[in-house]
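Note sheet for the following structure.
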Amino acid sequence: MLWRVRTTLPDRPGSLAMLAATCGEAGVNILGLQIFPGVESVTDELVLSTPDDWTAADLADLIGRSGGLSVSAGPCTEAALTDQPTRYVQAARSILAQPASFPEVVARLFDAESDPAYGAVDTDVMDMTVGDIQVQVRRTAPFTATEHARAAAMADLVSDVLERTRESAMTPSMGRRVGGGATPEYVVDGDSVSAMIDGQAVGLAVVRPAAEEPDVRPVTLRVDPAWQRRGIGTRLLVDAARLANALGATEILLTTRSDNQAVLPMVMAAGLRGRIRMAADTLTVRVPVRDLKPLRR
């Protein structure tokens, strides 16, 4: 069975040799090793092959006997053996080809894990900033200083690409006239905003009642496929945020698939300060609305 294991070892000669010897005595084979240097300690990421009946607790005990601290272990596949520089080059190429895929690509690159309940303290969070948008990934294993530096470089890359290709990569401005010379009319009705063209709704944003957090309003937003990439979603997002403010919310929350590449450009085009969080197959976006002008209902 294959495991990806992270541990912190003292930065002194022989510490890694002791770990290797302990693994050898237990019949555990080290197939991969990545080292993240620190000042007084070193974080090692290992790919280990163990007997099928081994558990994460067995590995924690094994590493602990070698002087390892902060041990985290999880099952993995042979994909964990991919050369690390190759993974970063592939990630950079993916971002250059599709800048809006950044949240999904970076979450996969740093082995982000499923998100626990909001506010849980069992995981480490790494923040990256693209424009005014904060992208977060989290996992049980602490992120190292090296990984923070790599993540910042990736975020700078996507910021540069989006800036250079703004007209094609960003959602068009809210005032742009759309297909057939038609300009949408945005109609507020209670807790929803509709984009209407010739009496037909081509987009809808609904501000849902607060659930777990009293000051946070979930928002559902959809635009008919034929009318996407024309600024309608951006306008609906802004109006929904202002409507949520009028309803007493301090934040709005959008939830979608992790591979939805419309989210990052839409939030950036709206000029909103958002926080995008990746969790397994789900992407959530939190946008503060307290400073927005309330939308009249």
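To be explicit about the labels: the chains of the structure tokens are called A, B, and onward in the order shown, and within each one the residues are counted from 1, while ligands get numbers from 1 in the order they are shown.
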
Selection near Ala107 in chain A, 10 Å with only C-alpha atoms, sequence-local residues under 3 positions removed, as a PDB file with all heavy atoms, in the first residue's frame:
ATOM      1  N   PHE A 102      -7.093  28.665 -12.312  1.00  0.00           N
ATOM      2  CA  PHE A 102      -6.102  28.750 -11.235  1.00  0.00           C
ATOM      3  C   PHE A 102      -6.544  28.097  -9.928  1.00  0.00           C
ATOM      4  O   PHE A 102      -5.788  27.310  -9.360  1.00  0.00           O
ATOM      5  CB  PHE A 102      -5.737  30.214 -10.988  1.00  0.00           C
ATOM      6  CG  PHE A 102      -4.833  30.436  -9.815  1.00  0.00           C
ATOM      7  CD1 PHE A 102      -3.506  30.046  -9.854  1.00  0.00           C
ATOM      8  CD2 PHE A 102      -5.309  31.036  -8.654  1.00  0.00           C
ATOM      9  CE1 PHE A 102      -2.664  30.246  -8.772  1.00  0.00           C
ATOM     10  CE2 PHE A 102      -4.479  31.244  -7.565  1.00  0.00           C
ATOM     11  CZ  PHE A 102      -3.155  30.849  -7.627  1.00  0.00           C
ATOM     12  N   PRO A 103      -7.761  28.375  -9.391  1.00  0.00           N
ATOM     13  CA  PRO A 103      -8.128  27.732  -8.111  1.00  0.00           C
ATOM     14  C   PRO A 103      -8.081  26.209  -8.174  1.00  0.00           C
ATOM     15  O   PRO A 103      -7.564  25.562  -7.267  1.00  0.00           O
ATOM     16  CB  PRO A 103      -9.561  28.243  -7.873  1.00  0.00           C
ATOM     17  CG  PRO A 103      -9.623  29.537  -8.613  1.00  0.00           C
ATOM     18  CD  PRO A 103      -8.799  29.316  -9.845  1.00  0.00           C
ATOM     19  N   GLU A 104      -8.596  25.644  -9.256  1.00  0.00           N
ATOM     20  CA  GLU A 104      -8.606  24.187  -9.386  1.00  0.00           C
ATOM     21  C   GLU A 104      -7.197  23.631  -9.539  1.00  0.00           C
ATOM     22  O   GLU A 104      -6.820  22.646  -8.895  1.00  0.00           O
ATOM     23  CB  GLU A 104      -9.460  23.788 -10.590  1.00  0.00           C
ATOM     24  CG  GLU A 104      -9.510  22.284 -10.835  1.00  0.00           C
ATOM     25  CD  GLU A 104     -10.145  21.928 -12.158  1.00  0.00           C
ATOM     26  OE1 GLU A 104     -10.377  22.840 -12.978  1.00  0.00           O
ATOM     27  OE2 GLU A 104     -10.390  20.742 -12.383  1.00  0.00           O
ATOM     28  N   PHE A 110      -1.114  21.429  -4.771  1.00  0.00           N
ATOM     29  CA  PHE A 110      -0.701  21.380  -3.371  1.00  0.00           C
ATOM     30  C   PHE A 110      -1.479  20.343  -2.558  1.00  0.00           C
ATOM     31  O   PHE A 110      -1.507  20.417  -1.326  1.00  0.00           O
ATOM     32  CB  PHE A 110      -0.825  22.763  -2.734  1.00  0.00           C
ATOM     33  CG  PHE A 110       0.164  23.758  -3.274  1.00  0.00           C
ATOM     34  CD1 PHE A 110      -0.231  24.742  -4.166  1.00  0.00           C
ATOM     35  CD2 PHE A 110       1.503  23.677  -2.923  1.00  0.00           C
ATOM     36  CE1 PHE A 110       0.680  25.656  -4.681  1.00  0.00           C
ATOM     37  CE2 PHE A 110       2.422  24.583  -3.424  1.00  0.00           C
ATOM     38  CZ  PHE A 110       2.018  25.570  -4.313  1.00  0.00           C
ATOM     39  N   ASP A 111      -2.109  19.406  -3.250  1.00  0.00           N
ATOM     40  CA  ASP A 111      -2.787  18.283  -2.575  1.00  0.00           C
ATOM     41  C   ASP A 111      -3.777  18.773  -1.532  1.00  0.00           C
ATOM     42  O   ASP A 111      -3.811  18.280  -0.395  1.00  0.00           O
ATOM     43  CB  ASP A 111      -1.759  17.351  -1.923  1.00  0.00           C
ATOM     44  CG  ASP A 111      -0.723  16.846  -2.914  1.00  0.00           C
ATOM     45  OD1 ASP A 111      -1.116  16.317  -3.956  1.00  0.00           O
ATOM     46  OD2 ASP A 111       0.482  17.013  -2.649  1.00  0.00           O
ATOM     47  N   ALA A 112      -4.583  19.777  -1.907  1.00  0.00           N
ATOM     48  CA  ALA A 112      -5.593  20.289  -0.985  1.00  0.00           C
ATOM     49  C   ALA A 112      -6.592  19.188  -0.652  1.00  0.00           C
ATOM     50  O   ALA A 112      -6.914  18.343  -1.485  1.00  0.00           O
ATOM     51  CB  ALA A 112      -6.314  21.486  -1.595  1.00  0.00           C
ATOM     52  N   GLU A 113      -7.090  19.242   0.568  1.00  0.00           N
ATOM     53  CA  GLU A 113      -7.987  18.203   1.056  1.00  0.00           C
ATOM     54  C   GLU A 113      -9.404  18.733   1.175  1.00  0.00           C
ATOM     55  O   GLU A 113      -9.663  19.925   1.043  1.00  0.00           O
ATOM     56  CB  GLU A 113      -7.500  17.702   2.427  1.00  0.00           C
ATOM     57  CG  GLU A 113      -6.111  17.095   2.381  1.00  0.00           C
ATOM     58  CD  GLU A 113      -5.563  16.799   3.760  1.00  0.00           C
ATOM     59  OE1 GLU A 113      -6.183  17.226   4.746  1.00  0.00           O
ATOM     60  OE2 GLU A 113      -4.512  16.153   3.839  1.00  0.00           O
ATOM     61  N   VAL A 135      -7.504  33.503  -2.843  1.00  0.00           N
ATOM     62  CA  VAL A 135      -7.768  32.086  -3.097  1.00  0.00           C
ATOM     63  C   VAL A 135      -7.159  31.277  -1.958  1.00  0.00           C
ATOM     64  O   VAL A 135      -5.980  31.450  -1.631  1.00  0.00           O
ATOM     65  CB  VAL A 135      -7.175  31.642  -4.450  1.00  0.00           C
ATOM     66  CG1 VAL A 135      -7.430  30.154  -4.689  1.00  0.00           C
ATOM     67  CG2 VAL A 135      -7.752  32.475  -5.590  1.00  0.00           C
ATOM     68  N   GLN A 136      -7.953  30.391  -1.368  1.00  0.00           N
ATOM     69  CA  GLN A 136      -7.507  29.594  -0.232  1.00  0.00           C
ATOM     70  C   GLN A 136      -7.555  28.109  -0.557  1.00  0.00           C
ATOM     71  O   GLN A 136      -8.503  27.626  -1.176  1.00  0.00           O
ATOM     72  CB  GLN A 136      -8.399  29.836   0.988  1.00  0.00           C
ATOM     73  CG  GLN A 136      -8.308  31.213   1.580  1.00  0.00           C
ATOM     74  CD  GLN A 136      -9.145  31.325   2.844  1.00  0.00           C
ATOM     75  OE1 GLN A 136     -10.122  30.600   3.038  1.00  0.00           O
ATOM     76  NE2 GLN A 136      -8.766  32.229   3.724  1.00  0.00           N
ATOM     77  N   VAL A 137      -6.515  27.400  -0.139  1.00  0.00           N
ATOM     78  CA  VAL A 137      -6.536  25.940  -0.137  1.00  0.00           C
ATOM     79  C   VAL A 137      -6.124  25.490   1.255  1.00  0.00           C
ATOM     80  O   VAL A 137      -5.412  26.196   1.964  1.00  0.00           O
ATOM     81  CB  VAL A 137      -5.599  25.337  -1.212  1.00  0.00           C
ATOM     82  CG1 VAL A 137      -6.084  25.669  -2.603  1.00  0.00           C
ATOM     83  CG2 VAL A 137      -4.157  25.820  -1.022  1.00  0.00           C
ATOM     84  N   ARG A 138      -6.578  24.320   1.651  1.00  0.00           N
ATOM     85  CA  ARG A 138      -6.256  23.843   2.990  1.00  0.00           C
ATOM     86  C   ARG A 138      -6.056  22.338   2.981  1.00  0.00           C
ATOM     87  O   ARG A 138      -6.545  21.619   2.124  1.00  0.00           O
ATOM     88  CB  ARG A 138      -7.349  24.233   3.983  1.00  0.00           C
ATOM     89  CG  ARG A 138      -8.744  23.734   3.648  1.00  0.00           C
ATOM     90  CD  ARG A 138      -9.716  24.134   4.731  1.00  0.00           C
ATOM     91  NE  ARG A 138      -9.661  25.564   4.959  1.00  0.00           N
ATOM     92  CZ  ARG A 138      -9.994  26.151   6.113  1.00  0.00           C
ATOM     93  NH1 ARG A 138     -10.404  25.421   7.129  1.00  0.00           N
ATOM     94  NH2 ARG A 138      -9.918  27.450   6.249  1.00  0.00           N
ATOM     95  N   ARG A 139      -5.304  21.885   3.969  1.00  0.00           N
ATOM     96  CA  ARG A 139      -5.053  20.458   4.140  1.00  0.00           C
ATOM     97  C   ARG A 139      -4.575  20.218   5.564  1.00  0.00           C
ATOM     98  O   ARG A 139      -4.259  21.161   6.300  1.00  0.00           O
ATOM     99  CB  ARG A 139      -4.000  19.979   3.139  1.00  0.00           C
ATOM    100  CG  ARG A 139      -2.623  20.544   3.401  1.00  0.00           C
ATOM    101  CD  ARG A 139      -1.608  20.156   2.354  1.00  0.00           C
ATOM    102  NE  ARG A 139      -0.280  20.608   2.769  1.00  0.00           N
ATOM    103  CZ  ARG A 139       0.738  20.750   1.947  1.00  0.00           C
ATOM    104  NH1 ARG A 139       0.596  20.510   0.669  1.00  0.00           N
ATOM    105  NH2 ARG A 139       1.922  21.131   2.420  1.00  0.00           N
ATOM    106  N   SER A 258     -15.743  22.738  -8.602  1.00  0.00           N
ATOM    107  CA  SER A 258     -14.357  23.201  -8.556  1.00  0.00           C
ATOM    108  C   SER A 258     -13.810  23.524  -9.933  1.00  0.00           C
ATOM    109  O   SER A 258     -12.849  24.291 -10.059  1.00  0.00           O
ATOM    110  CB  SER A 258     -13.478  22.131  -7.890  1.00  0.00           C
ATOM    111  OG  SER A 258     -13.482  20.934  -8.658  1.00  0.00           O
ATOM    112  N   ARG A 277     -12.450  29.542  -1.936  1.00  0.00           N
ATOM    113  CA  ARG A 277     -11.922  28.402  -1.181  1.00  0.00           C
ATOM    114  C   ARG A 277     -12.169  27.118  -1.955  1.00  0.00           C
ATOM    115  O   ARG A 277     -13.287  26.852  -2.404  1.00  0.00           O
ATOM    116  CB  ARG A 277     -12.582  28.325   0.192  1.00  0.00           C
ATOM    117  CG  ARG A 277     -12.144  27.112   1.019  1.00  0.00           C
ATOM    118  CD  ARG A 277     -12.827  27.097   2.361  1.00  0.00           C
ATOM    119  NE  ARG A 277     -12.399  28.232   3.172  1.00  0.00           N
ATOM    120  CZ  ARG A 277     -12.973  28.567   4.318  1.00  0.00           C
ATOM    121  NH1 ARG A 277     -13.996  27.872   4.775  1.00  0.00           N
ATOM    122  NH2 ARG A 277     -12.512  29.591   5.008  1.00  0.00           N
ATOM    123  N   MET A 278     -11.104  26.321  -2.105  1.00  0.00           N
ATOM    124  CA  MET A 278     -11.209  25.038  -2.779  1.00  0.00           C
ATOM    125  C   MET A 278     -11.351  23.933  -1.750  1.00  0.00           C
ATOM    126  O   MET A 278     -10.637  23.910  -0.758  1.00  0.00           O
ATOM    127  CB  MET A 278      -9.973  24.771  -3.630  1.00  0.00           C
ATOM    128  CG  MET A 278      -9.812  25.733  -4.802  1.00  0.00           C
ATOM    129  SD  MET A 278     -11.165  25.632  -5.985  1.00  0.00           S
ATOM    130  CE  MET A 278     -11.112  23.892  -6.402  1.00  0.00           C
ATOM    131  N   ALA A 279     -12.269  23.005  -2.014  1.00  0.00           N
ATOM    132  CA  ALA A 279     -12.468  21.867  -1.121  1.00  0.00           C
ATOM    133  C   ALA A 279     -12.939  20.696  -1.952  1.00  0.00           C
ATOM    134  O   ALA A 279     -14.105  20.652  -2.359  1.00  0.00           O
ATOM    135  CB  ALA A 279     -13.485  22.193  -0.041  1.00  0.00           C
ATOM    136  N   ALA A 280     -12.017  19.779  -2.232  1.00  0.00           N
ATOM    137  CA  ALA A 280     -12.342  18.595  -3.027  1.00  0.00           C
ATOM    138  C   ALA A 280     -12.983  19.030  -4.350  1.00  0.00           C
ATOM    139  O   ALA A 280     -12.364  19.731  -5.126  1.00  0.00           O
ATOM    140  CB  ALA A 280     -13.238  17.655  -2.231  1.00  0.00           C
TER     141      ALA A 280
END

Need to verify the contact set: Leu254 in chain A, 6 Å, only C-alpha atoms, exclusion of same-chain residues closer than 4 positions in sequence. Can you return it as an NGL selection string? :A and (218-219 or 284-285)

From range 47-180 of chain A, collect each residue whose DSSP state is strand (DSSP E or B) and return the set as number ranges by chain. A: 47-49, 69-75, 124-130, 133-139

I need the residues of range 46-217 of chain A that end up classed as helix (DSSP H, G or I) by DSSP on the backbone, written out as a short mmCIF file (atom, residue, chain, number, x, y, z; two decimals) with N, CA, C and O atoms, in the first residue's frame.
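Contents of part_32.cif, freshly written:
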data_model
loop_
_atom_site.label_atom_id
_atom_site.label_comp_id
_atom_site.auth_asym_id
_atom_site.auth_seq_id
_atom_site.Cartn_x
_atom_site.Cartn_y
_atom_site.Cartn_z
N ALA A 56 -2.60 4.66 9.27
CA ALA A 56 -1.93 5.94 9.52
C ALA A 56 -1.32 5.99 10.91
O ALA A 56 -0.25 6.57 11.13
N ALA A 57 -1.99 5.35 11.88
CA ALA A 57 -1.46 5.31 13.25
C ALA A 57 -0.15 4.53 13.30
O ALA A 57 0.78 4.90 14.03
N ASP A 58 -0.06 3.43 12.53
CA ASP A 58 1.19 2.66 12.48
C ASP A 58 2.33 3.52 11.94
O ASP A 58 3.46 3.47 12.45
N LEU A 59 2.04 4.29 10.90
CA LEU A 59 3.07 5.14 10.32
C LEU A 59 3.48 6.26 11.28
O LEU A 59 4.67 6.59 11.38
N ALA A 60 2.52 6.83 11.98
CA ALA A 60 2.85 7.88 12.95
C ALA A 60 3.76 7.33 14.03
O ALA A 60 4.71 8.00 14.47
N ASP A 61 3.49 6.10 14.47
CA ASP A 61 4.34 5.48 15.48
C ASP A 61 5.74 5.22 14.93
O ASP A 61 6.74 5.47 15.61
N LEU A 62 5.82 4.73 13.70
CA LEU A 62 7.10 4.45 13.07
C LEU A 62 7.94 5.72 12.94
O LEU A 62 9.12 5.75 13.33
N ILE A 63 7.34 6.78 12.41
CA ILE A 63 8.07 8.03 12.21
C ILE A 63 8.44 8.65 13.55
O ILE A 63 9.53 9.21 13.72
N GLY A 64 7.55 8.53 14.52
CA GLY A 64 7.82 9.08 15.85
C GLY A 64 9.04 8.45 16.49
O GLY A 64 9.81 9.12 17.18
N ARG A 65 9.23 7.15 16.28
CA ARG A 65 10.40 6.46 16.85
C ARG A 65 11.70 6.96 16.24
O ARG A 65 12.77 6.77 16.81
N GLU A 78 0.18 5.90 -7.35
CA GLU A 78 1.49 6.05 -7.98
C GLU A 78 1.69 7.46 -8.55
O GLU A 78 2.82 7.86 -8.83
N ALA A 79 0.59 8.21 -8.68
CA ALA A 79 0.72 9.60 -9.16
C ALA A 79 1.57 10.44 -8.23
O ALA A 79 2.16 11.44 -8.63
N ALA A 80 1.64 10.03 -6.95
CA ALA A 80 2.45 10.77 -5.97
C ALA A 80 3.94 10.69 -6.28
O ALA A 80 4.73 11.46 -5.74
N LEU A 81 4.31 9.77 -7.15
CA LEU A 81 5.72 9.61 -7.50
C LEU A 81 6.14 10.49 -8.67
O LEU A 81 7.30 10.47 -9.07
N GLN A 84 8.44 16.32 -8.98
CA GLN A 84 7.85 17.57 -8.51
C GLN A 84 8.08 18.74 -9.47
O GLN A 84 7.15 19.49 -9.76
N PRO A 85 9.30 18.97 -9.96
CA PRO A 85 9.47 20.07 -10.93
C PRO A 85 8.56 19.90 -12.15
O PRO A 85 8.03 20.89 -12.68
N THR A 86 8.37 18.65 -12.58
CA THR A 86 7.48 18.40 -13.71
C THR A 86 6.05 18.82 -13.38
O THR A 86 5.35 19.42 -14.20
N ARG A 87 5.60 18.53 -12.16
CA ARG A 87 4.24 18.92 -11.75
C ARG A 87 4.07 20.44 -11.80
O ARG A 87 3.04 20.93 -12.25
N TYR A 88 5.07 21.18 -11.36
CA TYR A 88 4.96 22.63 -11.35
C TYR A 88 4.98 23.20 -12.77
O TYR A 88 4.25 24.16 -13.07
N VAL A 89 5.78 22.63 -13.63
CA VAL A 89 5.79 23.07 -15.03
C VAL A 89 4.43 22.80 -15.68
O VAL A 89 3.88 23.65 -16.39
N GLN A 90 3.87 21.62 -15.43
CA GLN A 90 2.56 21.29 -15.98
C GLN A 90 1.48 22.22 -15.44
O GLN A 90 0.58 22.64 -16.18
N ALA A 91 1.57 22.54 -14.15
CA ALA A 91 0.59 23.47 -13.56
C ALA A 91 0.71 24.85 -14.20
O ALA A 91 -0.30 25.49 -14.51
N ALA A 92 1.94 25.31 -14.39
CA ALA A 92 2.14 26.62 -15.01
C ALA A 92 1.58 26.64 -16.44
O ALA A 92 0.95 27.62 -16.86
N ARG A 93 1.77 25.57 -17.16
CA ARG A 93 1.25 25.50 -18.53
C ARG A 93 -0.27 25.53 -18.52
O ARG A 93 -0.90 26.17 -19.37
N SER A 94 -0.88 24.84 -17.58
CA SER A 94 -2.34 24.84 -17.48
C SER A 94 -2.87 26.23 -17.19
O SER A 94 -3.88 26.68 -17.75
N ILE A 95 -2.17 26.96 -16.29
CA ILE A 95 -2.60 28.31 -15.93
C ILE A 95 -2.41 29.27 -17.11
O ILE A 95 -3.26 30.12 -17.37
N LEU A 96 -1.31 29.13 -17.85
CA LEU A 96 -1.10 29.98 -19.02
C LEU A 96 -2.17 29.74 -20.07
O LEU A 96 -2.63 30.67 -20.73
N ALA A 97 -2.59 28.48 -20.23
CA ALA A 97 -3.62 28.15 -21.22
C ALA A 97 -5.00 28.62 -20.78
O ALA A 97 -5.78 29.11 -21.60
N PRO A 99 -6.17 30.81 -17.55
CA PRO A 99 -5.92 31.48 -16.26
C PRO A 99 -7.04 31.31 -15.26
O PRO A 99 -6.79 31.26 -14.05
N ALA A 100 -8.29 31.22 -15.73
CA ALA A 100 -9.42 31.10 -14.81
C ALA A 100 -9.45 29.76 -14.08
O ALA A 100 -10.19 29.59 -13.12
N SER A 101 -8.62 28.80 -14.53
CA SER A 101 -8.57 27.49 -13.87
C SER A 101 -7.66 27.51 -12.65
O SER A 101 -7.47 26.47 -12.01
N PHE A 102 -7.09 28.66 -12.31
CA PHE A 102 -6.10 28.75 -11.23
C PHE A 102 -6.54 28.10 -9.93
O PHE A 102 -5.79 27.31 -9.36
N PRO A 103 -7.76 28.38 -9.39
CA PRO A 103 -8.13 27.73 -8.11
C PRO A 103 -8.08 26.21 -8.17
O PRO A 103 -7.56 25.56 -7.27
N GLU A 104 -8.60 25.64 -9.26
CA GLU A 104 -8.61 24.19 -9.39
C GLU A 104 -7.20 23.63 -9.54
O GLU A 104 -6.82 22.65 -8.89
N VAL A 105 -6.39 24.27 -10.38
CA VAL A 105 -5.03 23.78 -10.64
C VAL A 105 -4.17 23.85 -9.38
O VAL A 105 -3.45 22.90 -9.04
N VAL A 106 -4.23 24.97 -8.67
CA VAL A 106 -3.37 25.13 -7.50
C VAL A 106 -3.81 24.21 -6.36
O VAL A 106 -2.97 23.71 -5.59
N ALA A 107 -5.11 23.94 -6.25
CA ALA A 107 -5.57 23.01 -5.22
C ALA A 107 -5.02 21.61 -5.48
O ALA A 107 -4.58 20.91 -4.56
N ARG A 108 -5.05 21.21 -6.74
CA ARG A 108 -4.51 19.90 -7.10
C ARG A 108 -3.00 19.85 -6.91
O ARG A 108 -2.45 18.85 -6.44
N LEU A 109 -2.33 20.94 -7.26
CA LEU A 109 -0.87 20.99 -7.16
C LEU A 109 -0.40 20.82 -5.72
O LEU A 109 0.60 20.14 -5.45
N ALA A 145 7.29 26.93 4.15
CA ALA A 145 7.67 28.24 3.60
C ALA A 145 7.97 28.13 2.11
O ALA A 145 7.65 29.03 1.32
N THR A 146 8.56 27.02 1.70
CA THR A 146 8.85 26.81 0.28
C THR A 146 7.56 26.76 -0.53
O THR A 146 7.46 27.37 -1.61
N GLU A 147 6.55 26.08 -0.01
CA GLU A 147 5.28 26.00 -0.72
C GLU A 147 4.57 27.34 -0.77
O GLU A 147 3.93 27.68 -1.77
N HIS A 148 4.66 28.11 0.30
CA HIS A 148 4.08 29.45 0.28
C HIS A 148 4.73 30.30 -0.81
O HIS A 148 4.05 31.05 -1.52
N ALA A 149 6.05 30.19 -0.95
CA ALA A 149 6.76 30.96 -1.97
C ALA A 149 6.35 30.50 -3.37
O ALA A 149 6.15 31.33 -4.28
N ARG A 150 6.21 29.19 -3.56
CA ARG A 150 5.79 28.67 -4.86
C ARG A 150 4.37 29.11 -5.19
O ARG A 150 4.06 29.47 -6.34
N ALA A 151 3.50 29.09 -4.19
CA ALA A 151 2.11 29.50 -4.41
C ALA A 151 2.03 30.98 -4.78
O ALA A 151 1.25 31.37 -5.66
N ALA A 152 2.82 31.81 -4.10
CA ALA A 152 2.83 33.24 -4.42
C ALA A 152 3.30 33.47 -5.85
O ALA A 152 2.77 34.34 -6.57
N ALA A 153 4.29 32.70 -6.28
CA ALA A 153 4.78 32.83 -7.65
C ALA A 153 3.70 32.43 -8.66
O ALA A 153 3.54 33.07 -9.70
N MET A 154 2.95 31.38 -8.34
CA MET A 154 1.85 30.95 -9.21
C MET A 154 0.77 32.03 -9.28
O MET A 154 0.21 32.31 -10.34
N ALA A 155 0.45 32.62 -8.14
CA ALA A 155 -0.57 33.68 -8.11
C ALA A 155 -0.11 34.89 -8.91
O ALA A 155 -0.90 35.51 -9.64
N ASP A 156 1.17 35.25 -8.81
CA ASP A 156 1.70 36.36 -9.60
C ASP A 156 1.60 36.04 -11.09
O ASP A 156 1.31 36.93 -11.91
N LEU A 157 1.83 34.78 -11.44
CA LEU A 157 1.76 34.36 -12.84
C LEU A 157 0.36 34.58 -13.40
O LEU A 157 0.18 35.20 -14.45
N VAL A 158 -0.65 34.10 -12.67
CA VAL A 158 -2.02 34.24 -13.18
C VAL A 158 -2.45 35.69 -13.19
O VAL A 158 -3.19 36.13 -14.07
N SER A 159 -1.99 36.49 -12.22
CA SER A 159 -2.30 37.92 -12.22
C SER A 159 -1.74 38.59 -13.47
O SER A 159 -2.42 39.40 -14.12
N ASP A 160 -0.50 38.25 -13.81
CA ASP A 160 0.13 38.83 -15.01
C ASP A 160 -0.61 38.42 -16.28
O ASP A 160 -0.84 39.24 -17.17
N VAL A 161 -0.98 37.13 -16.35
CA VAL A 161 -1.65 36.64 -17.55
C VAL A 161 -3.02 37.31 -17.70
O VAL A 161 -3.39 37.75 -18.80
N LEU A 162 -3.77 37.42 -16.61
CA LEU A 162 -5.08 38.06 -16.68
C LEU A 162 -4.97 39.54 -17.05
O LEU A 162 -5.82 40.08 -17.76
N GLU A 163 -3.93 40.19 -16.57
CA GLU A 163 -3.74 41.60 -16.88
C GLU A 163 -3.41 41.79 -18.36
O GLU A 163 -3.92 42.70 -19.01
N ARG A 164 -2.59 40.89 -18.90
CA ARG A 164 -2.17 41.03 -20.30
C ARG A 164 -3.26 40.63 -21.28
O ARG A 164 -3.26 41.05 -22.43
N ARG A 166 -6.68 40.86 -20.59
CA ARG A 166 -7.91 41.26 -19.90
C ARG A 166 -9.13 41.22 -20.81
O ARG A 166 -10.20 40.77 -20.42
N GLU A 167 -9.00 41.68 -22.02
CA GLU A 167 -10.18 41.76 -22.89
C GLU A 167 -10.75 40.40 -23.22
O GLU A 167 -11.96 40.25 -23.36
N SER A 168 -9.88 39.38 -23.37
CA SER A 168 -10.37 38.06 -23.73
C SER A 168 -10.62 37.18 -22.52
O SER A 168 -11.48 36.30 -22.56
N ALA A 169 -9.87 37.39 -21.44
CA ALA A 169 -10.00 36.50 -20.29
C ALA A 169 -11.02 36.98 -19.28
O ALA A 169 -11.58 36.18 -18.54
N GLY A 179 -25.94 40.48 -27.61
CA GLY A 179 -26.37 40.01 -28.91
C GLY A 179 -27.64 40.64 -29.43
O GLY A 179 -28.60 40.88 -28.71
N GLY A 180 -27.65 40.90 -30.76
CA GLY A 180 -28.82 41.45 -31.40
C GLY A 180 -29.11 42.90 -31.01
O GLY A 180 -30.19 43.41 -31.28
N GLY A 181 -28.17 43.59 -30.39
CA GLY A 181 -28.39 44.97 -30.00
C GLY A 181 -29.23 45.13 -28.75
O GLY A 181 -29.55 46.24 -28.36
#
